[in-house]
$ cat work.cif   # mmCIF, C-alpha atoms
data_start
#
loop_
_atom_site.group_PDB
_atom_site.id
_atom_site.type_symbol
_atom_site.label_atom_id
_atom_site.label_comp_id
_atom_site.auth_asym_id
_atom_site.auth_seq_id
_atom_site.Cartn_x
_atom_site.Cartn_y
_atom_site.Cartn_z
ATOM 1 C CA MET A 1 0.000 0.000 0.000
ATOM 2 C CA ILE A 2 1.386 3.415 -0.985
ATOM 3 C CA MET A 3 1.987 5.710 1.995
ATOM 4 C CA THR A 4 1.699 9.474 1.597
ATOM 5 C CA PHE A 5 4.331 11.929 2.791
ATOM 6 C CA GLY A 6 2.180 12.770 5.805
ATOM 7 C CA GLU A 7 1.737 9.105 6.700
ATOM 8 C CA LEU A 8 5.478 8.472 6.455
ATOM 9 C CA GLN A 9 6.157 11.506 8.644
ATOM 10 C CA GLN A 10 3.658 10.177 11.192
ATOM 11 C CA PHE A 11 5.241 6.723 11.004
ATOM 12 C CA ILE A 12 8.696 8.118 11.861
ATOM 13 C CA GLY A 13 7.291 10.337 14.617
ATOM 14 C CA ASP A 14 5.430 7.429 16.217
ATOM 15 C CA LYS A 15 8.476 5.143 16.106
ATOM 16 C CA PHE A 16 11.191 7.574 17.202
ATOM 17 C CA GLY A 17 9.399 10.571 18.710
ATOM 18 C CA GLU A 18 8.573 13.877 17.074
ATOM 19 C CA ALA A 19 11.908 15.391 18.152
ATOM 20 C CA VAL A 20 13.805 13.265 15.612
ATOM 21 C CA ILE A 21 12.223 15.352 12.821
ATOM 22 C CA LEU A 22 13.794 18.818 12.890
ATOM 23 C CA GLU A 23 11.843 20.157 9.914
ATOM 24 C CA ALA A 24 9.116 18.977 7.545
ATOM 25 C CA LYS A 25 9.053 20.803 4.208
ATOM 26 C CA THR A 26 5.711 19.880 2.658
ATOM 27 C CA ASP A 27 5.367 22.690 0.089
ATOM 28 C CA ALA A 28 8.590 21.944 -1.819
ATOM 29 C CA LEU A 29 8.572 20.431 -5.301
ATOM 30 C CA GLN A 30 9.996 17.343 -3.608
ATOM 31 C CA PRO A 31 8.796 17.338 0.034
ATOM 32 C CA TYR A 32 11.412 16.313 2.569
ATOM 33 C CA LEU A 33 12.085 15.691 6.241
ATOM 34 C CA VAL A 34 15.175 17.005 8.031
ATOM 35 C CA LEU A 35 16.323 14.513 10.662
ATOM 36 C CA GLU A 36 18.698 14.643 13.603
ATOM 37 C CA PRO A 37 22.003 13.482 12.043
ATOM 38 C CA GLU A 38 22.958 11.138 14.889
ATOM 39 C CA ARG A 39 19.609 9.293 14.604
ATOM 40 C CA LEU A 40 19.712 8.879 10.840
ATOM 41 C CA PRO A 41 20.930 5.232 10.766
ATOM 42 C CA GLU A 42 18.256 3.893 13.109
ATOM 43 C CA VAL A 43 15.498 5.718 11.229
ATOM 44 C CA CYS A 44 16.781 4.466 7.869
ATOM 45 C CA LEU A 45 17.109 0.909 9.154
ATOM 46 C CA GLU A 46 13.491 0.954 10.299
ATOM 47 C CA LEU A 47 12.322 2.407 6.988
ATOM 48 C CA HIS A 48 14.246 -0.326 5.170
ATOM 49 C CA ASP A 49 13.208 -3.291 7.325
ATOM 50 C CA ASN A 50 9.652 -2.504 8.374
ATOM 51 C CA GLU A 51 7.002 -4.339 6.330
ATOM 52 C CA GLN A 52 4.845 -1.201 6.200
ATOM 53 C CA THR A 53 7.497 0.921 4.498
ATOM 54 C CA TYR A 54 10.162 -1.382 3.022
ATOM 55 C CA PHE A 55 12.345 1.262 1.384
ATOM 56 C CA ASP A 56 14.560 -1.275 -0.347
ATOM 57 C CA TYR A 57 16.093 1.159 -2.842
ATOM 58 C CA LEU A 58 18.305 4.189 -2.166
ATOM 59 C CA SER A 59 17.704 6.065 -5.422
ATOM 60 C CA CYS A 60 20.182 8.838 -4.724
ATOM 61 C CA LEU A 61 22.498 10.142 -2.038
ATOM 62 C CA THR A 62 24.110 13.519 -2.595
ATOM 63 C CA GLY A 63 25.578 16.471 -0.749
ATOM 64 C CA MET A 64 24.914 20.200 -0.768
ATOM 65 C CA ASP A 65 27.034 23.108 0.392
ATOM 66 C CA ASN A 66 24.940 25.997 1.690
ATOM 67 C CA GLY A 67 28.006 28.239 1.617
ATOM 68 C CA PRO A 68 30.295 29.888 4.164
ATOM 69 C CA GLU A 69 27.656 32.499 5.041
ATOM 70 C CA ALA A 70 25.069 29.876 6.017
ATOM 71 C CA GLY A 71 27.722 27.783 7.738
ATOM 72 C CA THR A 72 25.963 24.473 7.037
ATOM 73 C CA MET A 73 26.138 21.503 4.687
ATOM 74 C CA GLU A 74 23.533 18.871 3.892
ATOM 75 C CA VAL A 75 23.293 15.259 2.821
ATOM 76 C CA ILE A 76 20.144 14.310 0.909
ATOM 77 C CA TYR A 77 18.721 10.795 0.680
ATOM 78 C CA THR A 78 16.094 9.832 -1.908
ATOM 79 C CA LEU A 79 14.368 6.605 -0.882
ATOM 80 C CA TYR A 80 12.065 4.418 -2.927
ATOM 81 C CA SER A 81 10.086 1.265 -2.188
ATOM 82 C CA ILE A 82 9.920 -0.943 -5.275
ATOM 83 C CA PRO A 83 7.056 -3.184 -4.042
ATOM 84 C CA TYR A 84 4.965 -0.349 -2.570
ATOM 85 C CA ASP A 85 5.870 2.428 -5.037
ATOM 86 C CA HIS A 86 6.222 5.147 -2.426
ATOM 87 C CA HIS A 87 8.940 7.778 -2.157
ATOM 88 C CA LEU A 88 10.581 9.736 0.650
ATOM 89 C CA THR A 89 13.345 12.341 0.743
ATOM 90 C CA LEU A 90 15.363 12.766 3.921
ATOM 91 C CA LYS A 91 17.980 15.373 4.776
ATOM 92 C CA VAL A 92 20.511 15.932 7.509
ATOM 93 C CA ARG A 93 22.112 19.317 8.124
ATOM 94 C CA VAL A 94 25.511 19.688 9.798
ATOM 95 C CA PRO A 95 27.885 22.569 10.652
ATOM 96 C CA ARG A 96 30.348 23.508 7.913
ATOM 97 C CA ASN A 97 34.085 23.902 8.448
ATOM 98 C CA SER A 98 35.691 26.918 6.780
ATOM 99 C CA THR A 99 39.359 25.876 6.986
ATOM 100 C CA PRO A 100 41.167 22.527 6.712
ATOM 101 C CA GLU A 101 42.226 22.916 10.338
ATOM 102 C CA GLU A 102 38.629 22.878 11.581
ATOM 103 C CA VAL A 103 36.784 19.602 12.127
ATOM 104 C CA MET A 104 35.200 18.277 8.929
ATOM 105 C CA PRO A 105 31.382 17.867 8.948
ATOM 106 C CA GLN A 106 30.403 14.354 10.018
ATOM 107 C CA VAL A 107 27.353 12.234 9.236
ATOM 108 C CA PRO A 108 26.798 8.568 10.174
ATOM 109 C CA THR A 109 27.038 6.092 7.305
ATOM 110 C CA VAL A 110 24.050 4.178 5.933
ATOM 111 C CA SER A 111 26.222 1.896 3.802
ATOM 112 C CA HIS A 112 25.352 -1.059 6.061
ATOM 113 C CA ILE A 113 21.683 -0.576 5.116
ATOM 114 C CA TRP A 114 21.979 0.162 1.387
ATOM 115 C CA ARG A 115 25.168 -1.074 -0.253
ATOM 116 C CA THR A 116 24.889 1.608 -2.953
ATOM 117 C CA ALA A 117 25.571 4.207 -0.255
ATOM 118 C CA ASP A 118 29.176 2.993 -0.083
ATOM 119 C CA TRP A 119 30.369 4.742 -3.246
ATOM 120 C CA HIS A 120 27.819 7.568 -2.989
ATOM 121 C CA GLU A 121 29.147 8.543 0.428
ATOM 122 C CA ARG A 122 32.707 8.396 -0.843
ATOM 123 C CA GLU A 123 31.736 10.742 -3.675
ATOM 124 C CA VAL A 124 30.146 13.213 -1.238
ATOM 125 C CA PHE A 125 33.280 13.003 0.919
ATOM 126 C CA ASP A 126 35.486 13.640 -2.116
ATOM 127 C CA MET A 127 33.455 16.472 -3.666
ATOM 128 C CA PHE A 128 32.063 18.207 -0.552
ATOM 129 C CA GLY A 129 34.328 17.229 2.337
ATOM 130 C CA ILE A 130 31.668 15.566 4.495
ATOM 131 C CA TYR A 131 33.011 12.618 6.487
ATOM 132 C CA PHE A 132 30.798 9.559 7.005
ATOM 133 C CA THR A 133 31.527 7.927 10.334
ATOM 134 C CA ASP A 134 31.763 4.115 10.456
ATOM 135 C CA HIS A 135 32.048 3.896 6.681
ATOM 136 C CA PRO A 136 34.107 0.793 5.784
ATOM 137 C CA ASP A 137 36.373 2.571 3.277
ATOM 138 C CA MET A 138 36.208 6.348 3.685
ATOM 139 C CA ARG A 139 38.554 7.681 1.011
ATOM 140 C CA ARG A 140 38.340 9.722 -2.185
ATOM 141 C CA ILE A 141 36.762 8.102 -5.225
ATOM 142 C CA LEU A 142 37.072 10.679 -8.058
ATOM 143 C CA CYS A 143 40.037 12.887 -7.189
ATOM 144 C CA ALA A 144 43.525 11.687 -6.380
ATOM 145 C CA ALA A 145 44.120 10.785 -2.730
ATOM 146 C CA ASP A 146 46.375 13.822 -2.209
ATOM 147 C CA TRP A 147 44.178 16.324 -4.080
ATOM 148 C CA GLU A 148 43.745 19.647 -2.275
ATOM 149 C CA GLY A 149 40.233 20.670 -1.285
ATOM 150 C CA HIS A 150 36.764 19.526 -2.305
ATOM 151 C CA PRO A 151 35.673 20.707 -5.783
ATOM 152 C CA LEU A 152 31.920 21.175 -5.190
ATOM 153 C CA ARG A 153 32.291 23.451 -2.192
ATOM 154 C CA LYS A 154 31.195 26.994 -2.971
ATOM 155 C CA ASP A 155 34.507 28.474 -1.846
ATOM 156 C CA TYR A 156 36.696 25.898 -3.600
ATOM 157 C CA GLN A 157 39.925 27.275 -5.050
ATOM 158 C CA LEU A 158 41.581 25.205 -7.764
ATOM 159 C CA GLN A 159 45.214 24.518 -6.991
ATOM 160 C CA ASP A 160 47.738 25.927 -9.471
ATOM 161 C CA TYR A 161 49.917 22.828 -9.729
ATOM 162 C CA TYR A 162 49.540 19.133 -8.993
ATOM 163 C CA HIS A 163 52.861 17.271 -8.761
ATOM 164 C CA GLY A 164 54.452 19.870 -11.013
ATOM 165 C CA ILE A 165 51.635 19.787 -13.602
ATOM 166 C CA LYS A 166 49.805 23.068 -14.220
ATOM 167 C CA VAL A 167 46.139 22.471 -13.389
ATOM 168 C CA PRO A 168 44.124 25.397 -14.870
ATOM 169 C CA TYR A 169 44.321 25.573 -18.665
ATOM 170 C CA ASP A 170 42.152 28.522 -19.643
ATOM 171 C CA LYS A 171 42.272 27.993 -23.428
ATOM 172 C CA HIS A 172 41.539 24.272 -23.391
ATOM 173 C CA ASN A 173 38.052 24.614 -24.896
ATOM 174 C CA GLU A 174 39.138 27.068 -27.589
ATOM 175 C CA ASN A 175 42.047 24.923 -28.712
ATOM 176 C CA ASN A 176 40.153 21.655 -28.749
ATOM 177 C CA GLY A 177 37.018 22.602 -30.667
ATOM 178 C CA PHE A 178 34.467 22.268 -27.873
ATOM 179 C CA ARG A 179 31.182 24.176 -27.957
ATOM 180 C CA GLY A 180 31.330 27.837 -27.072
ATOM 181 C CA GLU A 181 34.593 28.604 -28.847
ATOM 182 C CA PRO A 182 35.102 32.192 -30.082
ATOM 183 C CA VAL A 183 33.849 33.020 -33.583
ATOM 184 C CA ILE A 184 37.370 33.959 -34.645
ATOM 185 C CA LEU A 185 38.401 30.334 -34.305
ATOM 186 C CA THR A 186 35.412 28.851 -36.142
ATOM 187 C CA GLN A 187 35.899 31.145 -39.173
ATOM 188 C CA GLN A 188 39.582 30.460 -39.711
ATOM 189 C CA PRO A 189 40.901 27.586 -41.844
ATOM 190 C CA PRO A 190 41.929 24.567 -39.750
ATOM 191 C CA ALA A 191 45.634 25.119 -40.448
ATOM 192 C CA GLU A 192 45.419 28.622 -38.973
ATOM 193 C CA GLN A 193 43.228 27.534 -36.069
ATOM 194 C CA PHE A 194 45.660 24.927 -34.846
ATOM 195 C CA PRO A 195 49.149 25.760 -36.110
ATOM 196 C CA ASP A 196 50.665 23.261 -33.659
ATOM 197 C CA LYS A 197 48.935 20.317 -35.377
ATOM 198 C CA ARG A 198 50.778 18.274 -37.983
ATOM 199 C CA GLU A 199 49.410 18.327 -41.511
ATOM 200 C CA LYS A 200 47.233 15.447 -42.559
ATOM 201 C CA PRO A 201 49.257 13.083 -44.805
ATOM 202 C CA GLU A 202 48.213 12.694 -48.443
#
$ encode --input "work.cif" --output "C-alpha cells"
Amino acid sequence: MIMTFGELQQFIGDKFGEAVILEAKTDALQPYLVLEPERLPEVCLELHDNEQTYFDYLSCLTGMDNGPEAGTMEVIYTLYSIPYDHHLTLKVRVPRNSTPEEVMPQVPTVSHIWRTADWHEREVFDMFGIYFTDHPDMRRILCAADWEGHPLRKDYQLQDYYHGIKVPYDKHNENNGFRGEPVILTQQPPAEQFPDKREKPE
C-alpha cells in the first residue's frame, strides 16, 4: 500500500518521537524531512526493514554546500520502495568547516543498510568534504588521494599545480574545438586555427 508523505512523517514520529524530525518541508517540489544526524541510521534501518514501508532502494544520495555564510552543509537521501511504489526524501544538516584545520562535517554512514551508499558517500566526501563515520572505506573516489580541497564546495579554489603539472588551462576549450569557442576560431581555416597540429598526410 502506498503511503503518503504525511503518513510516512507520522510513522517516523510514532516510532522515534517527534523530536527526531527537525523540519518537515511539505510545500517543496519534492517534500522532505530534516532529521537529527545522529539518529539517521536507526530511522533508515526501520524504513528499510519494516514491512509497512520497506524502502529497499536508495535512489540517490548527494551532498549540498549551503556556503560559508550559512555555515551548514547537507546530505540528501532519496528513498524508494519498489514493491509499494512510495517515495521519501530525507535530509541531515551539519555545521560547515571553513578551513582545513577545523573539524570536517560528520554524518553517520548508511552503507550497512543500502550497499549503494558505499560509493555515494565516498563521492560526497570527495566532492564536498563531508566525512561519514563508520564507513568501511572512507577515502576519495574521483580525485587523487592527495588532491587539495573539495571541488563542489562553494569556496573551492583550484590549486595551481599538482605534482608539477599546471592544473588550470584557460584555453583548453578554444584549442580543442568544444562548444562555445570564439567566432574567430570557427571562421579560420583549420591550419590557422591549430598551427601546432601536424598536416594530414596525403
$ atom_distance --input "work.cif" --atom1 "atom CA of A:Arg115" --atom2 "atom CA of A:Trp147"
26.1 Å
$ resolve_selection --input "work.cif" --expression "the PyMOL selection byres ((chain A and resi 154) around 8)" --output "count of residues only"
8
$ residues_around --input "work.cif" --residues "A:Met64" --least-positions-apart "2" --cutoff "7 Å" --atoms "only C-alpha atoms" --output "PyMOL selection string"
chain A and resi 62+66+73-75
$ closest_residue --input "work.cif" --among "A:Asp14, A:Thr109, A:Thr89, A:Thr72" --to "A:Leu29" --atoms "only C-alpha atoms"
A:Thr89
$ resolve_selection --input "work.cif" --expression "the PyMOL selection byres ((chain A and resi 21) around 7)" --output "ChimeraX atom specification"
/A:18-20,22-23,33-36
$ write_last_selection --input "work.cif" --atoms "C-alpha atoms" --output "PDB file, keeping the file's coordinate frame"
ATOM      1  CA  GLU A  18       8.573  13.877  17.074  1.00  0.00           C
ATOM      2  CA  ALA A  19      11.908  15.391  18.152  1.00  0.00           C
ATOM      3  CA  VAL A  20      13.805  13.265  15.612  1.00  0.00           C
ATOM      4  CA  LEU A  22      13.794  18.818  12.890  1.00  0.00           C
ATOM      5  CA  GLU A  23      11.843  20.157   9.914  1.00  0.00           C
ATOM      6  CA  LEU A  33      12.085  15.691   6.241  1.00  0.00           C
ATOM      7  CA  VAL A  34      15.175  17.005   8.031  1.00  0.00           C
ATOM      8  CA  LEU A  35      16.323  14.513  10.662  1.00  0.00           C
ATOM      9  CA  GLU A  36      18.698  14.643  13.603  1.00  0.00           C
TER      10      GLU A  36
END
$ residues_near_point --input "work.cif" --point "(52.6, 16.4, -7.1)" --cutoff "12 Å" --atoms "all atoms listed in the file" --output "list in words"
Ala144, Ala145, Asp146, Trp147, Glu148, Gln159, Asp160, Tyr161, Tyr162, His163, Gly164, Ile165, Lys166 and Val167 of chain A
$ resolve_selection --input "work.cif" --expression "the PyMOL selection byres ((chain A and resi 5) around 10)" --output "short mmCIF file (atom, residue, chain, number, x, y, z; two decimals) with C-alpha atoms, in the coordinates of the input"
data_model
loop_
_atom_site.label_atom_id
_atom_site.label_comp_id
_atom_site.auth_asym_id
_atom_site.auth_seq_id
_atom_site.Cartn_x
_atom_site.Cartn_y
_atom_site.Cartn_z
CA ILE A 2 1.39 3.42 -0.98
CA MET A 3 1.99 5.71 2.00
CA THR A 4 1.70 9.47 1.60
CA GLY A 6 2.18 12.77 5.80
CA GLU A 7 1.74 9.10 6.70
CA LEU A 8 5.48 8.47 6.46
CA GLN A 9 6.16 11.51 8.64
CA GLN A 10 3.66 10.18 11.19
CA PHE A 11 5.24 6.72 11.00
CA ALA A 24 9.12 18.98 7.54
CA THR A 26 5.71 19.88 2.66
CA PRO A 31 8.80 17.34 0.03
CA TYR A 32 11.41 16.31 2.57
CA LEU A 33 12.08 15.69 6.24
CA HIS A 86 6.22 5.15 -2.43
CA HIS A 87 8.94 7.78 -2.16
CA LEU A 88 10.58 9.74 0.65
CA THR A 89 13.34 12.34 0.74
#
$ atom_distance --input "work.cif" --atom1 "atom CA of A:Trp119" --atom2 "atom CA of A:Arg39"
21.3 Å
$ atom_distance --input "work.cif" --atom1 "atom CA of A:Gly63" --atom2 "atom CA of A:Pro95"
13.1 Å
$ closest_residue --input "work.cif" --among "A:Asp27, A:Glu38, A:Glu51, A:Asp118" --to "A:Met1" --atoms "only C-alpha atoms"
A:Glu51
$ axis_aligned_box --input "work.cif" --around "stretch 123-136 of chain A" --padding-each-side "5 Å" --output "JSON"
{"center_x": 32.8, "center_y": 9.5, "center_z": 3.4, "size_x": 15.3, "size_y": 27.4, "size_z": 24.1}
$ closest_residue --input "work.cif" --among "A:Val94, A:Val43, A:Ile76, A:Leu58" --to "A:Val124" --atoms "only C-alpha atoms"
A:Ile76
$ closest_residue --input "work.cif" --among "A:Glu123, A:Leu61, A:Pro105, A:His150" --to "A:Met138" --atoms "only C-alpha atoms"
A:Glu123
